[in-house]
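Raw query-v7.csv, CSV, C-alpha atoms:
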chain,number,residue,atom,x,y,z
A,799,MET,CA,91.5,135.9,-1.3
A,800,PRO,CA,88.9,136.5,1.5
A,801,LEU,CA,85.5,135.0,1.6
A,802,THR,CA,82.7,137.0,0.0
A,803,LEU,CA,79.3,137.0,1.7
A,804,TYR,CA,76.4,138.1,-0.5
A,805,LYS,CA,73.7,139.3,1.8
A,806,ILE,CA,71.2,141.9,2.8
A,807,ASP,CA,70.9,142.8,6.5
A,808,ALA,CA,67.1,142.5,6.5
A,809,SER,CA,67.3,138.8,5.4
A,810,PRO,CA,66.9,136.5,8.5
A,811,PRO,CA,69.1,133.8,7.0
A,812,ALA,CA,71.8,136.3,6.1
A,813,ARG,CA,71.8,137.6,9.7
A,814,ALA,CA,72.3,134.1,11.0
A,815,VAL,CA,75.4,133.7,8.8
A,816,MET,CA,76.6,137.1,9.8
A,817,MET,CA,76.4,136.3,13.5
A,818,VAL,CA,78.2,133.0,13.1
A,819,ALA,CA,80.9,134.6,11.0
A,820,ASP,CA,81.3,137.3,13.6
A,821,ILE,CA,81.6,134.8,16.5
A,822,LEU,CA,84.2,132.7,14.5
A,823,ARG,CA,86.1,135.9,13.6
A,824,VAL,CA,85.9,135.1,9.9
A,825,ASN,CA,87.4,137.7,7.6
A,826,TYR,CA,85.0,138.3,4.8
A,827,VAL,CA,84.0,140.9,2.2
A,828,ALA,CA,80.3,141.9,2.5
A,829,TYR,CA,78.5,142.3,-0.8
A,830,ASP,CA,75.0,143.7,-0.4
A,831,ILE,CA,72.5,142.3,-2.9
A,832,ASN,CA,68.8,143.4,-3.1
A,833,PRO,CA,66.5,140.4,-3.8
A,834,LEU,CA,63.5,142.7,-4.5
A,835,MET,CA,65.4,144.2,-7.4
A,836,ARG,CA,66.2,140.6,-8.5
A,837,GLU,CA,69.9,141.4,-8.4
A,838,GLN,CA,70.5,137.7,-7.8
A,839,ASP,CA,69.0,136.8,-11.1
A,840,THR,CA,71.8,137.8,-13.4
A,841,PRO,CA,73.5,135.0,-15.4
A,842,GLU,CA,76.7,135.4,-13.4
A,843,MET,CA,74.9,135.2,-10.0
A,844,THR,CA,72.6,132.4,-11.1
A,845,LYS,CA,75.6,130.3,-12.2
A,846,LYS,CA,77.2,130.8,-8.7
A,847,ASN,CA,73.9,130.2,-6.9
A,848,PRO,CA,71.2,128.4,-8.9
A,849,MET,CA,68.7,128.7,-6.0
A,850,ARG,CA,69.0,132.5,-6.4
A,851,THR,CA,68.7,133.0,-2.7
A,852,VAL,CA,70.3,135.2,-0.1
A,853,PRO,CA,72.8,134.7,1.5
A,854,TYR,CA,75.4,132.8,-0.3
A,855,ILE,CA,79.2,132.7,-0.2
A,856,GLU,CA,82.1,132.6,-2.6
A,857,GLU,CA,85.6,131.6,-1.5
A,858,ASP,CA,88.4,130.8,-4.0
A,859,GLY,CA,85.9,129.7,-6.6
A,860,PHE,CA,83.8,127.7,-4.2
A,861,CYS,CA,80.2,128.9,-4.0
A,862,LEU,CA,77.6,127.8,-1.4
A,863,GLY,CA,74.0,128.8,-0.9
A,864,ASP,CA,71.6,128.2,2.0
A,865,SER,CA,72.4,129.8,5.3
A,866,HIS,CA,72.3,126.5,7.3
A,867,ALA,CA,74.9,124.9,5.0
A,868,ILE,CA,77.0,128.0,5.1
A,869,MET,CA,76.9,128.1,8.9
A,870,LEU,CA,78.1,124.5,9.1
A,871,TYR,CA,80.8,125.1,6.5
A,872,LEU,CA,82.1,128.2,8.4
A,873,PHE,CA,82.1,126.2,11.7
A,874,ASP,CA,84.0,123.2,10.1
A,875,LYS,CA,86.6,125.5,8.6
A,876,TYR,CA,87.0,128.3,11.2
A,877,ALA,CA,85.9,127.1,14.6
A,878,THR,CA,88.5,126.6,17.4
A,879,ALA,CA,88.2,125.0,20.8
A,880,GLU,CA,86.4,128.0,22.2
A,881,HIS,CA,83.6,127.6,19.8
A,882,TRP,CA,82.9,123.9,20.2
A,883,HIS,CA,79.8,124.5,22.3
A,884,LEU,CA,78.1,125.9,19.2
A,885,TYR,CA,78.3,122.5,17.5
A,886,PRO,CA,79.7,119.9,19.9
A,887,THR,CA,81.1,116.6,18.8
A,888,ASP,CA,78.7,114.5,20.9
A,889,LYS,CA,76.7,112.7,18.2
A,890,ARG,CA,73.3,113.1,19.9
A,891,LYS,CA,73.8,116.7,20.6
A,892,ARG,CA,74.9,117.3,17.1
A,893,ALA,CA,72.0,115.4,15.7
A,894,THR,CA,69.6,117.5,17.8
A,895,ILE,CA,71.2,120.7,16.6
A,896,ASN,CA,70.9,119.4,13.0
A,897,GLN,CA,67.2,118.6,13.5
A,898,ARG,CA,66.6,122.1,14.9
A,899,LEU,CA,68.4,123.6,11.9
A,900,PHE,CA,66.1,121.6,9.6
A,901,PHE,CA,63.1,122.7,11.7
A,902,ASP,CA,64.1,126.3,11.1
A,903,CYS,CA,64.6,125.7,7.4
A,904,GLY,CA,61.5,123.5,6.8
A,905,VAL,CA,59.0,124.9,9.3
A,906,LEU,CA,59.8,128.3,10.8
A,907,PHE,CA,61.1,130.0,7.7
A,908,GLN,CA,58.4,128.5,5.5
A,909,ARG,CA,55.8,130.1,7.8
A,910,LEU,CA,57.6,133.4,7.4
A,911,ARG,CA,58.1,132.9,3.6
A,912,SER,CA,54.3,132.4,3.3
A,913,VAL,CA,53.9,136.0,4.5
A,914,MET,CA,56.9,137.4,2.6
A,915,ALA,CA,56.1,136.2,-0.9
A,916,PRO,CA,52.6,137.7,-1.2
A,917,SER,CA,53.6,140.9,0.7
A,918,TYR,CA,56.4,141.7,-1.7
A,919,THR,CA,54.2,141.0,-4.7
A,920,GLY,CA,51.4,143.2,-3.6
A,921,ARG,CA,48.9,140.4,-2.8
A,922,LEU,CA,48.7,140.7,1.0
A,923,THR,CA,47.1,143.4,3.1
A,924,GLU,CA,47.4,141.7,6.5
A,925,LEU,CA,48.2,138.2,7.9
A,926,SER,CA,45.3,135.8,7.2
A,927,LYS,CA,43.8,133.6,9.9
A,928,SER,CA,45.5,130.6,8.4
A,929,MET,CA,48.9,132.3,8.4
A,930,LYS,CA,48.5,133.1,12.1
A,931,ARG,CA,47.4,129.5,12.8
A,932,ASN,CA,50.4,128.2,11.0
A,933,ILE,CA,52.7,130.5,12.9
A,934,ASP,CA,51.1,129.5,16.2
A,935,ASP,CA,51.6,125.9,15.3
A,936,ALA,CA,55.3,126.6,14.8
A,937,TYR,CA,55.4,128.3,18.2
A,938,ARG,CA,53.7,125.2,19.7
A,939,MET,CA,56.5,123.0,18.4
A,940,LEU,CA,59.2,125.4,19.6
A,941,GLU,CA,57.5,125.4,23.1
A,942,ALA,CA,57.9,121.6,23.2
A,943,TYR,CA,61.5,121.7,22.1
A,944,LEU,CA,62.3,124.2,24.8
A,945,SER,CA,60.6,122.2,27.6
A,946,ASP,CA,63.7,120.4,28.6
A,947,THR,CA,66.6,122.7,27.8
A,948,LEU,CA,67.2,126.4,28.2
A,949,PHE,CA,68.1,126.8,24.6
A,950,LEU,CA,66.9,124.9,21.5
A,951,ALA,CA,69.3,122.0,21.6
A,952,ASP,CA,71.3,122.3,24.8
A,953,GLU,CA,71.8,124.4,28.0
A,954,VAL,CA,74.0,126.7,26.0
A,955,VAL,CA,73.6,128.6,22.7
A,956,THR,CA,74.3,126.5,19.6
A,957,LEU,CA,74.1,127.1,15.9
A,958,ALA,CA,70.5,126.1,16.1
A,959,ASP,CA,69.6,129.1,18.3
A,960,LEU,CA,71.6,131.6,16.2
A,961,SER,CA,69.7,130.4,13.1
A,962,ALA,CA,66.2,130.3,14.6
A,963,ILE,CA,66.3,133.6,16.4
A,964,THR,CA,66.7,135.5,13.1
A,965,THR,CA,63.5,133.8,11.7
A,966,MET,CA,61.7,134.2,15.0
A,967,SER,CA,62.6,137.9,15.2
A,968,SER,CA,60.7,138.6,12.0
A,969,LEU,CA,57.8,136.2,12.9
A,970,HIS,CA,57.4,137.8,16.4
A,971,GLY,CA,57.3,141.3,14.8
A,972,LEU,CA,54.5,140.1,12.6
A,973,HIS,CA,52.6,137.9,15.0
A,974,PRO,CA,53.8,138.4,18.6
A,975,ILE,CA,54.6,135.4,20.8
A,976,ASP,CA,51.7,134.9,23.3
A,977,GLU,CA,53.7,134.6,26.5
A,978,LYS,CA,50.9,132.8,28.3
A,979,ARG,CA,50.5,130.1,25.7
A,980,TYR,CA,54.2,129.8,24.9
A,981,PRO,CA,56.2,130.7,28.1
A,982,ASN,CA,59.2,128.7,27.1
A,983,VAL,CA,59.4,130.3,23.7
A,984,ASN,CA,59.0,133.8,25.3
A,985,ARG,CA,61.8,133.1,27.8
A,986,TRP,CA,64.1,131.8,25.1
A,987,TYR,CA,63.3,134.7,22.8
A,988,ASN,CA,64.0,137.3,25.5
A,989,ASN,CA,67.3,135.5,26.5
A,990,MET,CA,68.5,135.4,22.9
A,991,SER,CA,67.5,139.0,22.3
A,992,GLU,CA,69.6,140.1,25.2
A,993,LEU,CA,72.8,138.7,23.7
A,994,GLU,CA,75.2,141.3,22.6
A,995,ILE,CA,75.6,139.8,19.1
A,996,CYS,CA,71.9,139.7,18.6
A,997,LYS,CA,71.5,143.3,19.7
A,998,ARG,CA,74.3,144.3,17.3
A,999,ILE,CA,73.6,142.2,14.3
A,1000,ASN,CA,70.2,140.6,14.4
A,1001,ALA,CA,68.0,143.4,15.9
A,1002,PRO,CA,68.6,146.2,13.4
A,1003,GLY,CA,68.0,143.9,10.4
A,1004,ALA,CA,64.9,142.3,12.0
A,1005,GLU,CA,63.4,145.7,12.6
A,1006,ALA,CA,64.0,146.7,9.0
A,1007,HIS,CA,62.6,143.4,7.7
A,1008,VAL,CA,59.4,143.7,9.7
A,1009,ALA,CA,58.9,147.4,8.9
A,1010,SER,CA,59.4,146.6,5.2
A,1011,LEU,CA,56.8,143.8,5.2
A,1012,LYS,CA,54.3,146.0,7.1
A,1013,ALA,CA,54.9,148.8,4.7
A,1014,PHE,CA,54.3,146.6,1.6
A,1015,MET,CA,51.0,145.4,3.2
A,1016,ALA,CA,50.0,149.0,3.9
A,1017,VAL,CA,50.6,150.1,0.3
A,1018,THR,CA,48.5,147.1,-0.9
A,1019,ARG,CA,45.7,148.1,1.4
A,1020,SER,CA,45.9,151.7,0.3
A,1021,ASN,CA,45.8,150.7,-3.4
A,1022,LEU,CA,42.8,148.4,-2.9
A,1023,ASN,CA,40.9,151.1,-0.9
A,1024,SER,CA,41.6,153.7,-3.6
A,1025,LYS,CA,39.8,151.4,-6.1
A,1026,LEU,CA,36.7,151.1,-4.0
Turn this file's structure into structure tokens for me.
Amino acid sequence: MPLTLYKIDASPPARAVMMVADILRVNYVAYDINPLMREQDTPEMTKKNPMRTVPYIEEDGFCLGDSHAIMLYLFDKYATAEHWHLYPTDKRKRATINQRLFFDCGVLFQRLRSVMAPSYTGRLTELSKSMKRNIDDAYRMLEAYLSDTLFLADEVVTLADLSAITTMSSLHGLHPIDEKRYPNVNRWYNNMSELEICKRINAPGAEAHVASLKAFMAVTRSNLNSKL
């Protein structure tokens, strides 16, 4: 029975898993789920994925949430020699990739989530100064990580880049990278954006995600103005 991927294209973590699955040529069934409609909150879905997040996978009764864990699982199961550069066996390179994945999960995505949550619940009209400062602080850290290598963990694209570019695509759409302050980040972002797989899988979903967030903020502004 083929693997089932529960996802929505606008989700940055889902796009990361979709790109890795595509590169590894994983045969999977896509099941679109809408988090805004709380489709992940049904008893059946909650049992499979207690975090109630998107994406998650199901394969022969095995369920797994969190995009970073899913990416590593897919690599361990489906990667061949041609894919080893994505997650090389060298322990220090692998440790660096792991750290960048944790950075995406614990820092980058949290900056994005701080915008997403109030936007979707009608509590945000625009990015606050503190939100912008926090995003800039994340860009600062990325700038340092990219000071010695062309990509986040190596001179070639790894799982870390495929994960981070999805988050960064949404962040950049909301608070653009200042190329003068963060030239390394800007270079990396442009290089990643030119990859065929990013153009095909990441870009459309990122555009939809940013447009959705901006639309929710615009509606909230309009509602507030109508009450004045």
Nearby residues (only C-alpha atoms) at most 12 Å from Met816 of chain A, same-chain spacing under 6 positions excluded, as a PyMOL selection string: chain A and resi 802-810+822-829+852-855+865-866+868-869+872+957+960-961+964+995-996+998-1000+1003
For His881 of chain A, the nearest of the candidates A:Asp820, A:Glu977, A:Asp946, A:Asp830, counting all atoms listed in the file: A:Asp820
Nearest to Val1017 of chain A, chosen from A:Asp934, A:Glu924, A:Glu880, A:Glu857, with all atoms listed in the file counted in the distances: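 Going through A:Asp934, A:Glu924, A:Glu880, A:Glu857 one by one, the smallest distance to Val1017 of chain A is for A:Glu924.
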Spatial neighbours of Tyr943 of chain A, 10 Å, only C-alpha atoms, chain gap at least 6 places, as a PyMOL selection string: chain A and resi 898+937+949-951+982-983
For the residues in the current selection, export C-alpha atoms as a PDB file, keeping the file's coordinate frame.
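Generated file (part-v4.pdb):
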ATOM      1  CA  ARG A 898      66.600 122.100  14.900  1.00  0.00           C
ATOM      2  CA  TYR A 937      55.400 128.300  18.200  1.00  0.00           C
ATOM      3  CA  PHE A 949      68.100 126.800  24.600  1.00  0.00           C
ATOM      4  CA  LEU A 950      66.900 124.900  21.500  1.00  0.00           C
ATOM      5  CA  ALA A 951      69.300 122.000  21.600  1.00  0.00           C
ATOM      6  CA  ASN A 982      59.200 128.700  27.100  1.00  0.00           C
ATOM      7  CA  VAL A 983      59.400 130.300  23.700  1.00  0.00           C
TER       8      VAL A 983
END
Atomic distance atom CA of Ser1010 of chain A - atom CA of Ile975 of chain A, expressed in Å with one decimal: 19.8 Å
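Across A:Val818, A:Ala1004, A:Leu1022, A:Leu993, the tightest approach to Met966 of chain A is made by A:Ala1004 when counting all atoms listed in the file.
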